[in-house]
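Working notes for the structure below.
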Amino acid sequence: MKFSLRIWRQPSADAEGRMVTYVLDDISEDASFLEMLDVLNEQLIAEGEDPVAFDHDCREGICGACSLVIDGQPHGPQAATTTCQLHMRKFKDGDLIDIEPWRAGAFPVVRDLVVDRTAFDRIIQAGGYISAPTGTAPEAHSVPVPKQDADAAFTAAACIGCGACVAACPNGSGMLFMAAKVAHLGLMPQGQPERHTRVLGMVAEHDASGFGGCTNAGECSAACPKEIGLDVIGQLNRDFRKAAVRAA
Amino acid sequence: MQPRKAAPPKPQSRLRSSIGLKIVMAVSGILLVGFIIAHMAGNLHVFEGREEMNAYAHGLRTFGEPLLPHESLLWVMRIGLIAAVAAHIWSAIVLTHRAIHARPVRYASKKPAKGESRHAVATMRWGAVVIVLFVIWHLLDLTWRTVNPVKDVPDAYGAVVATFDPSRWPVTVFYLLALVALGFHLRHGVWSAVQTIAGPNTAWRGRTQAIALGLAVIVVAGFAIVPLAVTFGLVS
């Protein structure tokens with residue numbers, strides 16, 4: 001297959017960036033999107049040019065490292081799929097494909113298509129954890145969890161923290177990510193002691209990092225490769241309201 | 001990753017947090033929706049004729065008299081409305097400002113929106129500007145009568161008939177345009193407010209979307225019927 005690629009090139013965080021067009025031929029339709037970029041990079045290196053920097057790690061759709069906005073859509077046109085699991089057969093021969101980094105003030109571009117997602121780590125540090133004594137693993141059945149709660153928590157826990165929600169949000173909000181963590185931990189018995197401090201700390205850090213507010217546009221959920229639903233944001237709102245009233 | 005050296009971030013103002021602002025937006029919005037429904041229902045008195053309509057308008061002013069002072073109901077409504085409008089616009093401005101700063105570099109490639117109320121979402125901000133301009137005109141026209149041919153305040157019926165006279169068609173067109181903006185605003189706003197206040201409920205999400213759409217259609221139709229009736233001579 002043959003493709004024209006318009007890729008965001010930016011040599012460093014402070015440098016000006018621009019879209020650069022490349023033409024790529026002989027791509028297998030079974031190549032993943034990242035393998036297609038690997039081929040491009042080999043071609044660029046052979047020509048003595050700088051390869052395109054992009055984040056990737058497991059290439060199995062579970063690590064959350066890959067982060068490309070393809071034709072304006074985080075992780076590309078296929079629903080519930082990370083960039084690494086997207087294959088070129090989803091595109092038509094001769095397509096022009098735009099590739100950009102996540103765009104958010106809280107996710108500054110490091111180079112080309114790589115952004116710094118440390119802001120997500122700071123939100124986790126501000127409350128996205130449980131405090132548990134270390135030592136031998138406790139007997140699994142010592143803390144009963146209703147099946148319904150376990151299922152809902154597991155659905156929220158599917159969040160891989162890739163940041164596609166921020167990239168898709170018209171307000172550049174990190175609410176879906178934060179809400180997935182709040183819902184995941186808040187539904188479990190182990191998450192109860194820190195339930196209120198968690199939500200207040202995470203929201204304060206989210207806002208301080210420069211993410212925008214949520215207006216329930218729903219683009220986050222539509223872009224989420226793990227299909228996290230908007231209901232977690234409802235849970236976040238409710239937990240925040242309760243915590244704010246209690247803290248007042 | 002740089003560990004954060006300082007103590008946990010200091011507690012922010014809950015009201016000015018992104019969720020606090022969203023709750024302010026939702027609560028003030030629900031109050032305004034209540035007003036809009038009451039206003040729409042009141043407008044329909046126009047179909048009962050001049051006496052009934054003017055009696056309704058007079059009744060609003062003299063509600064509770066002589067136990068309560070003149071226009072007490074109206075003043076409670078006015079103060080509540082001004083507070084709700086101020087809170088609604090304040091939260092909108094702060095959130096819009098943050099949204100602009102949250103994405104300093106825009107995408108080169110436009111993506112088709114996929115959210116459940118995407119068409120309404122796209123109109124929320126500029127539609128709100130249309131609504132604000134309309135409310136200013138509406139007050140000048142039918143409350144203060146500055147731009148209305150009928151200056152006699154008790155004659156609400158006469159003012160409605162005069163302002164939507166076919167010769168003043170741009171007034172009617174602006175009224176209908178503002179209604180369309182309001183309809184889209186309610187389509188997203190009502191469901192968004194419920195999502196913000198009611199908490200998580202996947203089953204009710206679809207129903208709330210349908211209720212918001214239904215309410216938007218009813219409000220637009222209920223308001224639009226009055227100027228259209230006047231313009232087409234059903235009310236004169």
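Residue numbering restarts at 1 in every chain; chains get A, B, ... in the order shown in the structure tokens, and ligands count up from 1 in that same order.
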
If we count only C-alpha atoms and set the cut-off at 12 Å, which residues sit around A:Ser142, ignoring sequence neighbours fewer than 3 positions away in its own chain? Please answer as a CSV table (one decimal) with C-alpha atoms, in the first residue's frame.
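Dumped to out_15.csv:
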chain,number,residue,atom,x,y,z
A,137,ALA,CA,-0.4,-11.0,50.6
A,138,PRO,CA,-3.6,-11.2,52.6
A,139,GLU,CA,-6.0,-14.0,52.0
A,145,VAL,CA,-16.4,-7.4,47.5
A,189,PRO,CA,-13.4,-1.6,50.3
A,190,GLN,CA,-9.6,-1.0,50.3

Got a sec: who's within 10 Å of B:His39, counting only C-alpha atoms, leaving out chain neighbours fewer than 6 positions off, as a PyMOL selection string? chain B and resi 33+219+222-223

Report the residues of stretch 142-223 of chain A whose backbone DSSP state falls under alpha helix (DSSP H), written as an MDAnalysis selection string. chainID A and resid 147:157 164:168 175:186 195:208 219:223

Let me see the file: selected residues, C-alpha atoms, as an mmCIF file, in the first residue's frame.
data_model
loop_
_atom_site.group_PDB
_atom_site.id
_atom_site.type_symbol
_atom_site.label_atom_id
_atom_site.label_comp_id
_atom_site.auth_asym_id
_atom_site.auth_seq_id
_atom_site.Cartn_x
_atom_site.Cartn_y
_atom_site.Cartn_z
ATOM 1 C CA LYS A 147 -19.681 -8.820 42.379
ATOM 2 C CA GLN A 148 -21.393 -5.741 40.960
ATOM 3 C CA ASP A 149 -18.821 -3.428 42.576
ATOM 4 C CA ALA A 150 -15.950 -5.651 41.527
ATOM 5 C CA ASP A 151 -17.145 -5.572 37.909
ATOM 6 C CA ALA A 152 -17.653 -1.790 37.885
ATOM 7 C CA ALA A 153 -14.260 -1.215 39.515
ATOM 8 C CA PHE A 154 -12.612 -3.539 37.020
ATOM 9 C CA THR A 155 -14.192 -1.696 34.087
ATOM 10 C CA ALA A 156 -12.795 1.596 35.434
ATOM 11 C CA ALA A 157 -9.441 -0.049 36.169
ATOM 12 C CA ALA A 164 -6.473 9.998 24.654
ATOM 13 C CA CYS A 165 -9.324 11.488 26.712
ATOM 14 C CA VAL A 166 -7.362 14.715 27.133
ATOM 15 C CA ALA A 167 -6.344 14.724 23.485
ATOM 16 C CA ALA A 168 -9.969 14.302 22.368
ATOM 17 C CA MET A 175 -11.522 14.322 33.831
ATOM 18 C CA LEU A 176 -12.132 10.854 32.342
ATOM 19 C CA PHE A 177 -8.677 9.615 33.398
ATOM 20 C CA MET A 178 -9.084 11.041 36.890
ATOM 21 C CA ALA A 179 -12.656 9.762 37.175
ATOM 22 C CA ALA A 180 -11.611 6.246 36.125
ATOM 23 C CA LYS A 181 -9.096 6.157 38.987
ATOM 24 C CA VAL A 182 -11.546 7.650 41.505
ATOM 25 C CA ALA A 183 -14.268 5.187 40.479
ATOM 26 C CA HIS A 184 -11.885 2.204 40.452
ATOM 27 C CA LEU A 185 -10.485 2.836 43.950
ATOM 28 C CA GLY A 186 -13.655 4.307 45.430
ATOM 29 C CA ARG A 195 -11.893 8.193 49.469
ATOM 30 C CA HIS A 196 -12.455 11.859 50.324
ATOM 31 C CA THR A 197 -8.874 13.099 50.499
ATOM 32 C CA ARG A 198 -8.230 11.246 47.235
ATOM 33 C CA VAL A 199 -10.819 13.077 45.183
ATOM 34 C CA LEU A 200 -9.986 16.516 46.610
ATOM 35 C CA GLY A 201 -6.251 16.017 46.089
ATOM 36 C CA MET A 202 -6.593 14.661 42.569
ATOM 37 C CA VAL A 203 -8.954 17.414 41.402
ATOM 38 C CA ALA A 204 -6.687 20.115 42.889
ATOM 39 C CA GLU A 205 -3.672 18.626 41.092
ATOM 40 C CA HIS A 206 -5.645 18.189 37.850
ATOM 41 C CA ASP A 207 -6.628 21.858 37.849
ATOM 42 C CA ALA A 208 -3.142 23.049 38.925
ATOM 43 C CA GLU A 219 -15.502 13.052 23.224
ATOM 44 C CA CYS A 220 -13.225 11.450 25.851
ATOM 45 C CA SER A 221 -15.320 8.333 26.165
ATOM 46 C CA ALA A 222 -15.717 8.028 22.389
ATOM 47 C CA ALA A 223 -11.920 8.200 21.953
#

At a cut-off of 10 Å, using only C-alpha atoms, what residues contact stretch 214-217 of chain B? Leave out same-chain residues fewer than 4 positions from it and give the result as a list in words.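 Within the cut-off, the hits are Val33, Ile37, Leu179, Val180, Leu182, Gly183, Phe184, His185, Leu186, Arg187, His188, Gly189, Val190, Thr208, Gln209, Ala210, Ala221 and Gly222 of chain B.
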
Using only C-alpha atoms, what table do you get, as a tab-separated table, when you list each residue of chain B with an atom no more than 6 Å from chain A, its nearest pair of atoms, and their distance in Å rounded to one decimal, rows by chain then rising number?
residue	atom	partner	partner_atom	distance
B:Gln12	CA	A:Ala204	CA	5.9
B:Ser18	CA	A:Gly213	CA	4.8
B:Arg98	CA	A:Gly212	CA	5.3
B:Ala99	CA	A:Asn171	CA	4.3
B:Ala102	CA	A:Gly105	CA	4.9
B:Arg103	CA	A:Ala104	CA	4.5
B:Pro104	CA	A:Gly105	CA	5.9
B:Ser109	CA	A:Gly72	CA	4.7
B:Lys110	CA	A:Gly72	CA	5.2
B:Lys111	CA	A:Gly72	CA	4.4
B:Lys114	CA	A:Glu219	CA	5.9
B:Gly115	CA	A:Gly218	CA	4.5
B:Ser192	CA	A:Asn216	CA	5.8
B:Gln195	CA	A:Gly234	CA	6.0
B:Gly199	CA	A:Gly234	CA	4.2
B:Pro200	CA	A:Gly234	CA	4.2
B:Thr202	CA	A:Asp231	CA	5.9

To one decimal place, how far is atom CA of A:Cys162 from atom CA of A:Lys90 in Å?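 Computing the Euclidean distance for atom CA of A:Cys162 and atom CA of A:Lys90 yields 21.5 Å.
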
Option closest in space to B:Ser28, from B:Met124, B:Ala83, B:Leu139, B:Val230 [counting only C-alpha atoms]: B:Ala83

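Each of A:Val109, A:Asp57, A:Lys226, A:Val23 was checked against A:Asn41 using only C-alpha atoms; the smallest atom-to-atom distance is that of A:Val23.
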
Just give me the gap between atom CA of B:Trp191 and atom CA of B:Ala212 in Å, one decimal is fine.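 Taking atom CA of B:Trp191 as the start and atom CA of B:Ala212 as the end point, the length is 5.5 Å.
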